[in-house]
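Engineer: Dropping in upload_3.cif, with mmCIF, C-alpha atoms and all ligand atoms.
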```cif
data_work
loop_
_atom_site.label_atom_id
_atom_site.label_comp_id
_atom_site.auth_asym_id
_atom_site.auth_seq_id
_atom_site.Cartn_x
_atom_site.Cartn_y
_atom_site.Cartn_z
CA MET A 252 -4.44 6.94 -24.57
CA THR A 253 -0.79 7.83 -23.96
CA GLY A 254 0.65 8.85 -20.63
CA HIS A 255 0.58 12.52 -21.62
CA ALA A 256 -3.11 12.35 -22.57
CA ARG A 257 -3.81 11.22 -19.00
CA SER A 258 -2.02 14.15 -17.36
CA GLY A 259 -4.23 15.82 -14.75
CA LEU A 260 -6.29 12.65 -14.24
CA VAL A 261 -6.25 9.64 -11.92
CA GLN A 262 -6.17 6.20 -13.56
CA THR A 263 -8.63 3.78 -11.99
CA VAL A 264 -9.19 0.20 -13.14
CA LEU A 265 -12.34 1.45 -14.93
CA GLY A 266 -10.52 4.32 -16.65
CA PRO A 267 -9.43 7.90 -15.92
CA VAL A 268 -11.32 10.10 -13.44
CA ALA A 269 -10.85 13.70 -12.27
CA PRO A 270 -8.95 14.02 -8.98
CA GLN A 271 -11.91 15.92 -7.47
CA ALA A 272 -14.00 12.74 -7.84
CA LEU A 273 -11.85 10.63 -5.51
CA GLY A 274 -13.12 11.72 -2.07
CA VAL A 275 -11.78 9.93 1.02
CA THR A 276 -8.98 7.67 -0.27
CA LEU A 277 -6.90 4.82 1.14
CA PRO A 278 -3.56 5.08 -0.72
CA HIS A 279 -2.02 1.76 0.37
CA GLU A 280 -4.16 -1.36 0.77
CA HIS A 281 -4.50 -4.86 -0.64
CA VAL A 282 -7.88 -6.10 -1.86
CA LEU A 283 -7.04 -9.24 -3.85
CA SER A 284 -3.61 -10.77 -3.14
CA THR A 285 -1.69 -13.68 -1.68
CA LEU A 286 1.30 -13.49 0.63
CA GLU A 287 1.78 -17.28 0.68
CA VAL A 288 5.44 -16.72 -0.23
CA TYR A 289 5.83 -15.42 3.34
CA LEU A 290 4.27 -18.48 4.98
CA GLU A 291 6.71 -19.55 7.72
CA GLU A 292 7.81 -23.10 8.55
CA PRO A 293 6.08 -24.57 11.62
CA ARG A 294 8.33 -24.89 14.68
CA GLY A 295 6.45 -27.80 16.25
CA ALA A 296 3.20 -29.75 16.28
CA ALA A 297 0.98 -26.86 17.39
CA GLU A 298 2.22 -24.58 14.59
CA ALA A 299 1.97 -27.43 12.08
CA ARG A 300 -1.74 -27.74 12.95
CA LEU A 301 -2.25 -23.97 12.79
CA LEU A 302 -0.77 -23.80 9.28
CA ASP A 303 -3.84 -25.19 7.50
CA GLU A 304 -6.57 -24.59 10.06
CA PRO A 305 -9.51 -22.47 8.91
CA LEU A 306 -9.56 -19.13 10.71
CA THR A 307 -12.01 -19.18 13.61
CA ALA A 308 -12.60 -17.16 16.76
CA ALA A 309 -10.82 -19.97 18.65
CA ASN A 310 -7.49 -19.52 16.83
CA LEU A 311 -7.79 -15.77 16.24
CA ALA A 312 -5.36 -14.83 19.03
CA ALA A 313 -2.78 -17.41 17.87
CA VAL A 314 -2.93 -16.15 14.27
CA ARG A 315 -2.77 -12.52 15.39
CA ALA A 316 0.41 -13.35 17.30
CA GLU A 317 1.93 -15.18 14.28
CA PRO A 318 0.16 -13.87 11.16
CA TYR A 319 2.57 -15.65 8.76
CA ARG A 320 1.94 -19.13 10.19
CA ASN A 321 -1.60 -19.66 8.88
CA ARG A 322 -2.25 -20.10 5.17
CA GLU A 323 -5.82 -18.81 5.02
CA ASN A 324 -4.73 -15.63 6.79
CA LEU A 325 -2.51 -14.72 3.81
CA LEU A 326 -5.05 -15.43 1.06
CA PHE A 327 -7.20 -12.58 -0.29
CA ASP A 328 -8.85 -14.57 -3.06
CA ASP A 329 -12.53 -14.25 -2.13
CA GLU A 330 -14.27 -11.45 -4.04
CA ASP A 331 -17.48 -11.73 -2.01
CA LEU A 332 -15.52 -11.22 1.21
CA ALA A 333 -13.57 -8.34 -0.37
CA ALA A 334 -16.82 -6.66 -1.46
CA ARG A 335 -18.34 -6.93 2.02
CA GLU A 336 -15.20 -5.44 3.59
CA LEU A 337 -14.92 -2.62 1.02
CA ILE A 338 -18.55 -1.66 1.60
CA LEU A 339 -17.75 -1.06 5.29
CA PHE A 340 -15.21 1.55 4.12
CA ARG A 341 -17.81 3.10 1.80
CA ASP A 342 -20.29 3.19 4.71
CA ALA A 343 -17.66 5.12 6.73
CA GLY A 344 -17.56 7.81 4.03
CA GLY A 345 -14.81 6.32 1.87
CA SER A 346 -14.80 6.35 -1.90
CA THR A 347 -11.37 5.34 -3.31
CA VAL A 348 -8.98 2.47 -2.56
CA VAL A 349 -5.50 1.92 -4.03
CA ASP A 350 -4.64 -1.81 -4.26
CA GLN A 351 -0.85 -1.95 -4.26
CA THR A 352 -0.73 -5.70 -4.91
CA LEU A 353 1.70 -6.63 -7.67
CA PRO A 354 1.44 -9.56 -10.11
CA ASP A 355 4.03 -11.60 -8.18
CA ILE A 356 1.86 -11.50 -5.03
CA GLY A 357 -1.50 -12.26 -6.61
CA ARG A 358 -2.75 -9.08 -8.29
CA ASP A 359 -6.10 -9.67 -10.04
CA LEU A 360 -6.98 -6.74 -12.31
CA ALA A 361 -10.21 -8.30 -13.64
CA GLY A 362 -11.31 -9.02 -10.06
CA LEU A 363 -10.56 -5.41 -9.07
CA ALA A 364 -12.61 -4.11 -12.01
CA ARG A 365 -15.54 -6.33 -10.96
CA LEU A 366 -15.22 -5.06 -7.37
CA ALA A 367 -15.18 -1.43 -8.55
CA HIS A 368 -18.45 -2.02 -10.44
CA ARG A 369 -19.97 -3.93 -7.55
CA THR A 370 -19.06 -1.52 -4.71
CA GLY A 371 -19.19 1.81 -6.54
CA LEU A 372 -15.73 2.61 -5.16
CA HIS A 373 -12.92 3.93 -7.33
CA ILE A 374 -10.14 1.33 -7.31
CA VAL A 375 -6.61 2.15 -8.47
CA ALA A 376 -4.27 -0.78 -9.24
CA GLY A 377 -0.50 -0.99 -8.89
CA CYS A 378 2.14 -2.35 -11.25
CA GLY A 379 5.79 -3.24 -10.79
CA TYR A 380 7.81 -5.68 -8.73
CA TYR A 381 7.79 -6.25 -4.98
CA LEU A 382 10.67 -7.60 -2.81
CA GLU A 383 13.27 -9.73 -4.61
CA GLN A 384 12.10 -12.95 -2.93
CA THR A 385 8.80 -12.59 -4.88
CA HIS A 386 10.32 -11.57 -8.24
CA SER A 387 9.27 -13.49 -11.36
CA PRO A 388 12.08 -14.59 -13.74
CA ALA A 389 11.23 -11.54 -15.91
CA VAL A 390 13.23 -9.30 -13.59
CA THR A 391 16.42 -11.27 -14.31
CA GLU A 392 15.67 -11.96 -17.98
CA CYS A 393 14.67 -8.45 -19.08
CA THR A 394 16.84 -5.38 -19.44
CA VAL A 395 15.97 -2.26 -17.46
CA GLU A 396 14.46 -0.75 -20.62
CA GLU A 397 12.35 -3.87 -21.27
CA LEU A 398 11.03 -3.82 -17.72
CA ALA A 399 10.16 -0.14 -18.14
CA GLU A 400 8.31 -0.91 -21.40
CA ARG A 401 6.23 -3.57 -19.65
CA LEU A 402 5.31 -1.12 -16.91
CA VAL A 403 4.35 1.63 -19.35
CA ALA A 404 2.15 -0.86 -21.25
CA GLU A 405 0.28 -1.67 -18.02
CA LEU A 406 -0.08 2.01 -17.13
CA THR A 407 -1.40 2.95 -20.55
CA ALA A 408 -3.83 0.05 -21.11
CA ASP A 409 -7.03 1.61 -22.40
CA ALA A 410 -10.25 0.92 -20.48
CA ALA A 411 -12.21 2.17 -23.52
CA THR A 412 -11.01 -0.83 -25.54
CA GLY A 413 -11.33 -3.44 -22.80
CA GLY A 414 -7.97 -2.92 -21.10
CA ILE A 415 -7.56 -2.50 -17.36
CA PRO A 416 -5.07 0.29 -16.68
CA CYS A 417 -2.84 0.47 -13.63
CA GLY A 418 -2.62 3.86 -11.92
CA VAL A 419 0.41 3.57 -9.63
CA LEU A 420 3.98 2.24 -9.91
CA GLY A 421 4.05 0.26 -6.68
CA GLU A 422 4.44 -0.97 -4.19
CA ILE A 423 8.03 -1.29 -5.37
CA GLY A 424 9.83 -3.56 -2.90
CA LEU A 425 13.14 -2.59 -1.32
CA SER A 426 14.74 -5.04 1.10
CA SER A 427 17.17 -3.84 3.73
CA PRO A 428 19.74 -3.52 2.31
CA MET A 429 18.43 -2.98 -1.24
CA THR A 430 19.40 -5.89 -3.54
CA ALA A 431 20.86 -5.55 -7.04
CA ALA A 432 17.62 -6.87 -8.57
CA GLU A 433 15.59 -4.30 -6.61
CA ARG A 434 17.92 -1.53 -7.77
CA LYS A 435 17.35 -2.68 -11.35
CA VAL A 436 13.57 -2.51 -10.83
CA LEU A 437 13.90 0.98 -9.35
CA ARG A 438 15.76 2.16 -12.46
CA ALA A 439 12.98 0.73 -14.65
CA VAL A 440 10.39 2.43 -12.47
CA ALA A 441 12.17 5.77 -12.93
CA ILE A 442 12.00 5.41 -16.72
CA ALA A 443 8.34 4.36 -16.64
CA GLN A 444 7.50 7.24 -14.31
CA ARG A 445 9.08 9.81 -16.60
CA CYS A 446 7.29 8.37 -19.65
CA SER A 447 3.90 8.32 -17.95
CA GLY A 448 3.74 10.88 -15.13
CA ALA A 449 2.32 8.16 -12.84
CA PRO A 450 2.81 8.22 -9.06
CA VAL A 451 5.34 5.91 -7.39
CA SER A 452 5.08 4.00 -4.10
CA ILE A 453 8.17 2.58 -2.39
CA HIS A 454 7.91 -0.23 0.17
CA THR A 455 10.64 0.21 2.76
CA GLN A 456 11.49 -2.76 4.91
CA ALA A 457 13.13 -1.36 7.98
CA PRO A 458 13.85 1.89 9.76
CA GLY A 459 16.77 4.02 8.72
CA ALA A 460 17.59 6.01 5.65
CA GLN A 461 16.14 3.60 3.09
CA GLY A 462 13.46 6.00 1.87
CA ILE A 463 16.10 8.69 1.39
CA ARG A 464 18.30 6.31 -0.64
CA ALA A 465 15.33 5.47 -2.87
CA LEU A 466 14.62 9.18 -3.38
CA ASP A 467 18.31 9.78 -4.23
CA LEU A 468 18.24 7.07 -6.89
CA LEU A 469 14.90 8.15 -8.37
CA GLU A 470 15.77 11.85 -8.37
CA ALA A 471 19.15 11.15 -10.03
CA ALA A 472 17.16 9.34 -12.75
CA GLY A 473 15.00 12.42 -13.30
CA VAL A 474 11.92 11.61 -11.19
CA ASP A 475 10.25 14.49 -9.34
CA PRO A 476 10.20 13.48 -5.61
CA GLY A 477 6.73 15.04 -5.44
CA ARG A 478 5.49 12.00 -7.41
CA VAL A 479 6.86 9.55 -4.83
CA ALA A 480 5.34 8.12 -1.63
CA ILE A 481 7.64 6.45 0.90
CA ALA A 482 5.51 3.73 2.52
CA HIS A 483 5.69 2.16 5.97
CA VAL A 484 7.50 5.04 7.73
CA ASP A 485 5.53 4.03 10.83
CA THR A 486 7.31 0.71 11.37
CA ASP A 487 9.67 2.80 13.47
CA ILE A 488 8.54 6.38 13.93
CA ASP A 489 11.52 8.72 13.63
CA PRO A 490 10.72 12.45 13.40
CA ALA A 491 14.07 13.31 11.76
CA TYR A 492 13.62 10.65 9.06
CA GLN A 493 10.05 11.59 8.22
CA THR A 494 10.74 15.32 8.05
CA ALA A 495 13.76 14.59 5.82
CA ILE A 496 11.46 12.73 3.39
CA ALA A 497 8.88 15.52 3.48
CA ALA A 498 11.56 18.18 3.00
CA ARG A 499 12.54 16.45 -0.25
CA GLY A 500 8.96 17.02 -1.42
CA ALA A 501 7.96 13.35 -1.24
CA PHE A 502 4.92 11.90 0.55
CA VAL A 503 5.36 10.37 4.01
CA GLU A 504 3.01 7.41 4.30
CA TYR A 505 1.68 6.22 7.66
CA ASP A 506 0.07 2.99 6.52
CA PHE A 507 0.19 0.51 9.41
CA PHE A 508 -2.79 1.78 11.39
CA GLY A 509 -4.23 -1.23 13.23
CA TRP A 510 -1.15 -3.47 12.87
CA ALA A 511 -0.16 -3.43 16.55
CA GLU A 512 -3.10 -5.66 17.38
CA VAL A 513 -2.64 -8.19 14.56
CA ALA A 514 1.13 -8.66 14.68
CA ALA A 515 1.67 -8.44 18.40
CA THR A 516 4.98 -10.32 18.44
CA ALA A 517 6.47 -8.81 15.28
CA GLU A 518 9.73 -6.87 15.40
CA HIS A 519 8.10 -3.96 13.55
CA PHE A 520 4.53 -2.57 13.42
CA VAL A 521 4.57 -2.37 17.22
CA HIS A 522 3.60 1.29 17.50
CA SER A 523 0.09 1.87 18.76
CA ASP A 524 -2.33 3.90 16.68
CA ARG A 525 -2.05 6.56 19.39
CA GLU A 526 1.70 6.82 18.68
CA ARG A 527 1.04 6.90 14.93
CA VAL A 528 -1.36 9.83 15.33
CA ALA A 529 1.22 11.66 17.46
CA GLY A 530 3.78 11.11 14.67
CA VAL A 531 1.38 12.51 12.09
CA ALA A 532 0.69 15.50 14.33
CA ASP A 533 4.47 16.15 14.56
CA LEU A 534 4.67 16.22 10.79
CA LEU A 535 1.76 18.66 10.57
CA GLY A 536 3.38 20.80 13.26
CA ALA A 537 6.59 20.90 11.21
CA GLY A 538 4.62 22.40 8.30
CA TYR A 539 4.22 19.27 6.16
CA ARG A 540 0.43 18.76 6.20
CA GLU A 541 0.41 18.43 2.40
CA ARG A 542 2.88 15.55 2.46
CA VAL A 543 1.04 13.05 4.71
CA LEU A 544 -0.71 9.89 3.47
CA LEU A 545 -2.79 7.66 5.79
CA SER A 546 -3.67 4.00 5.22
CA GLN A 547 -3.86 0.57 6.91
CA ASP A 548 -2.07 -1.87 4.56
CA VAL A 549 -4.80 -4.47 5.05
CA VAL A 550 -3.25 -7.69 3.68
CA THR A 551 -4.03 -10.43 6.22
CA ARG A 552 -7.47 -11.80 7.05
CA VAL A 553 -7.15 -11.06 10.75
CA GLN A 554 -7.16 -7.37 9.80
CA LEU A 555 -10.60 -7.74 8.22
CA ALA A 556 -13.77 -6.83 10.09
CA GLU A 557 -15.17 -10.36 9.64
CA HIS A 558 -12.15 -11.71 11.49
CA GLY A 559 -12.23 -9.18 14.32
CA GLY A 560 -9.99 -6.50 12.80
CA GLY A 561 -10.58 -2.83 12.01
CA GLY A 562 -10.75 -3.55 8.26
CA TYR A 563 -10.53 -0.86 5.61
CA ALA A 564 -12.70 1.54 7.66
CA ARG A 565 -10.48 1.73 10.73
CA ILE A 566 -9.01 5.23 10.28
CA ALA A 567 -12.15 6.90 8.93
CA ARG A 568 -14.61 5.23 11.32
CA ASP A 569 -12.69 4.50 14.54
CA LEU A 570 -9.80 6.92 14.85
CA PRO A 571 -11.22 10.49 14.56
CA PRO A 572 -11.21 10.86 18.39
CA LEU A 573 -7.45 10.08 18.49
CA PHE A 574 -6.75 12.66 15.80
CA ALA A 575 -8.98 15.18 17.61
CA GLU A 576 -6.78 14.85 20.73
CA HIS A 577 -4.00 16.39 18.62
CA GLY A 578 -6.19 19.18 17.24
CA ILE A 579 -6.82 17.36 13.95
CA ASP A 580 -10.60 17.67 13.74
CA GLY A 581 -12.92 15.72 11.45
CA ALA A 582 -12.70 18.27 8.64
CA GLU A 583 -8.90 18.34 8.78
CA LEU A 584 -8.67 14.52 8.86
CA ARG A 585 -10.96 14.39 5.85
CA ARG A 586 -8.71 16.88 4.03
CA LEU A 587 -5.64 14.73 4.81
CA MET A 588 -7.45 11.66 3.44
CA THR A 589 -8.80 13.43 0.35
CA ALA A 590 -6.59 16.24 -0.96
CA ASN A 591 -3.22 14.58 -0.28
CA PRO A 592 -3.87 11.22 -1.97
CA ALA A 593 -5.60 13.02 -4.85
CA ARG A 594 -2.50 15.17 -5.41
CA TRP A 595 -0.25 12.09 -5.29
CA LEU A 596 -2.46 9.99 -7.58
CA THR A 597 -2.92 12.64 -10.29
CA TRP A 598 -0.59 12.02 -13.22
CA ARG A 599 1.65 14.96 -14.12
ZN ZN A 601 4.59 -2.83 1.71
#
```
Show the structure stored in the file as structure tokens.
Ligand SMILES: [Zn+2]

Structural biologist:
Amino acid sequence: MTGHARSGLVQTVLGPVAPQALGVTLPHEHVLSTLEVYLEEPRGAAEARLLDEPLTAANLAAVRAEPYRNRENLLFDDEDLAARELILFRDAGGSTVVDQTLPDIGRDLAGLARLAHRTGLHIVAGCGYYLEQTHSPAVTECTVEELAERLVAELTADAATGGIPCGVLGEIGLSSPMTAAERKVLRAVAIAQRCSGAPVSIHTQAPGAQGIRALDLLEAAGVDPGRVAIAHVDTDIDPAYQTAIAARGAFVEYDFFGWAEVAATAEHFVHSDRERVAGVADLLGAGYRERVLLSQDVVTRVQLAEHGGGGYARIARDLPPLFAEHGIDGAELRRLMTANPARWLTWR
């Protein structure tokens, strides 16, 4: 099936589905991945011990404070664990998860297809290249056009003949400032987007105008901003920045719900969920309710329910009272988590 034949549909790892079938959707998560590339050097004997300790209740607080100093915390390689965690989201009324893990950080398409069968959830997989420090040699060796061809091949793999198609270009990594290699990837993404009609997700690393710069580059290359989600706007909530993204017609993604408690000493992610909900309410008040995406970017084990975190179900199960304080009732929250991601994920 070509990109055009998929227009009007959402590409899951088991093949195309109608957008109406998605239901409550998490647009930015990680199900099978490894962030070992981010493992940090121990700064003494205690951290050296922590590095390879199994995660237990006894070291939970230490790992929450320093999530990148424990190896097991960064490994999502256990399908049984992933299935148990995904089922908690299904039990909270969820039905679709987008795994934005890329090949350079441990994407496992066959594993995702098995998990989709096993859990009954729709799973959409990402393709592309993350931050430069994770890039495979292909990014240097290939031309922009060759990179774009590789991406289109992944997007148009045919489930009917045993392929596992990707449904999203992302999360495409942009450091702050954007590196030359990342700019090259972004140009390839623009070509692949125009060939396919697939949605795009941009990882932004720091506050500021980075999302706007990405939109400038993509739009100049012919990409409709309405196809693009700017992720991680809630590392540093800035009403002017988020309304500027929404005014361009792009999606504003609040995807760090729950992070304040698992990365307590981090420079970013420090907003509470209460502050995130207030930021979302501001966006709705400014008339941009169709541009909001909500997710949790679960990518460390301490975020999982079995390790004391909110897991994939946090927003849908635990946060409706916070949204209700801002006049966003259960039906409205459900609309935000259903209609908006469906519109973003549908190829056009
Ligand atoms: Zn990201």

Engineer: To one decimal in Å, tell me the separation between atom CA of Ser426 of chain A and atom CA of Gln456 of chain A.

Structural biologist: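 Straight-line distance from atom CA of Ser426 of chain A to atom CA of Gln456 of chain A works out to 5.5 Å.
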
Engineer: Please indicate the distance in Å from atom CA of Asp485 of chain A to atom CA of Glu287 of chain A, rounded to one decimal place.

Structural biologist: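 Interatomic distance here is 23.9 Å.
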
Engineer: If we count only C-alpha atoms and set the cut-off at 10 Å, which residues sit around Arg585 of chain A, ignoring sequence neighbours fewer than 5 positions away in its own chain? Please answer as a PDB file with C-alpha atoms, keeping the file's coordinate frame.

Structural biologist:
```pdb
ATOM      1  CA  GLY A 274     -13.120  11.720  -2.070  1.00  0.00           C
ATOM      2  CA  VAL A 275     -11.780   9.930   1.020  1.00  0.00           C
ATOM      3  CA  THR A 276      -8.980   7.670  -0.270  1.00  0.00           C
ATOM      4  CA  GLY A 344     -17.560   7.810   4.030  1.00  0.00           C
ATOM      5  CA  GLY A 345     -14.810   6.320   1.870  1.00  0.00           C
ATOM      6  CA  ALA A 567     -12.150   6.900   8.930  1.00  0.00           C
ATOM      7  CA  PRO A 571     -11.220  10.490  14.560  1.00  0.00           C
ATOM      8  CA  ILE A 579      -6.820  17.360  13.950  1.00  0.00           C
ATOM      9  CA  ASP A 580     -10.600  17.670  13.740  1.00  0.00           C
ATOM     10  CA  ALA A 590      -6.590  16.240  -0.960  1.00  0.00           C
ATOM     11  CA  ASN A 591      -3.220  14.580  -0.280  1.00  0.00           C
TER      12      ASN A 591
END
```

Engineer: Pick from A:Ser284, A:Gln262, A:Gln351, A:Thr407: nearest to ligand ZN 601 (chain A), with all atoms listed in the file counted?

Structural biologist: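 Closest to ligand ZN 601 (chain A) of all the choices is A:Gln351.
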
Engineer: Could you check which of A:Gly462, A:Pro450, A:Gly357, A:Gly561 is closest to Leu286 of chain A, using only C-alpha atoms?

Structural biologist: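 Closest residue, counting only C-alpha atoms: A:Gly357.
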
Engineer: Within 12 Å of ligand ZN 601 (chain A) (counting all atoms listed in the file), which residues show up? I'd like them as a ChimeraX atom specification.

Structural biologist: /A:278-281,286,350-353,356,377,380-382,421-426,452-457,480-486,504-507,520,546-550

Engineer: Please list as a PyMOL selection string every residue within 12 Å of Gln493 of chain A, counting only C-alpha atoms and excluding residues in the same chain fewer than 2 positions away.

Structural biologist: chain A and resi 458-463+480-491+495-505+530-535+537+539+542-544

Engineer: Please determine, counting only C-alpha atoms, which residue among A:Arg565, A:Arg540, A:Lys435, A:His373 has the shortest atom-to-atom distance to Val390 of chain A.

Structural biologist: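 Using only C-alpha atoms, the shortest distance to Val390 of chain A belongs to A:Lys435.
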
Engineer: Between atom CA of Val513 of chain A and atom CA of Pro572 of chain A, what is the distance, to one decimal in Å?

Structural biologist: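 Taking atom CA of Val513 of chain A and atom CA of Pro572 of chain A, their separation equals 21.2 Å.
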
Engineer: Considering only C-alpha atoms, can you say which of A:Val314, A:Val264, A:Val282, A:Val288 comes closest to Leu406 of chain A?

Structural biologist: A:Val264
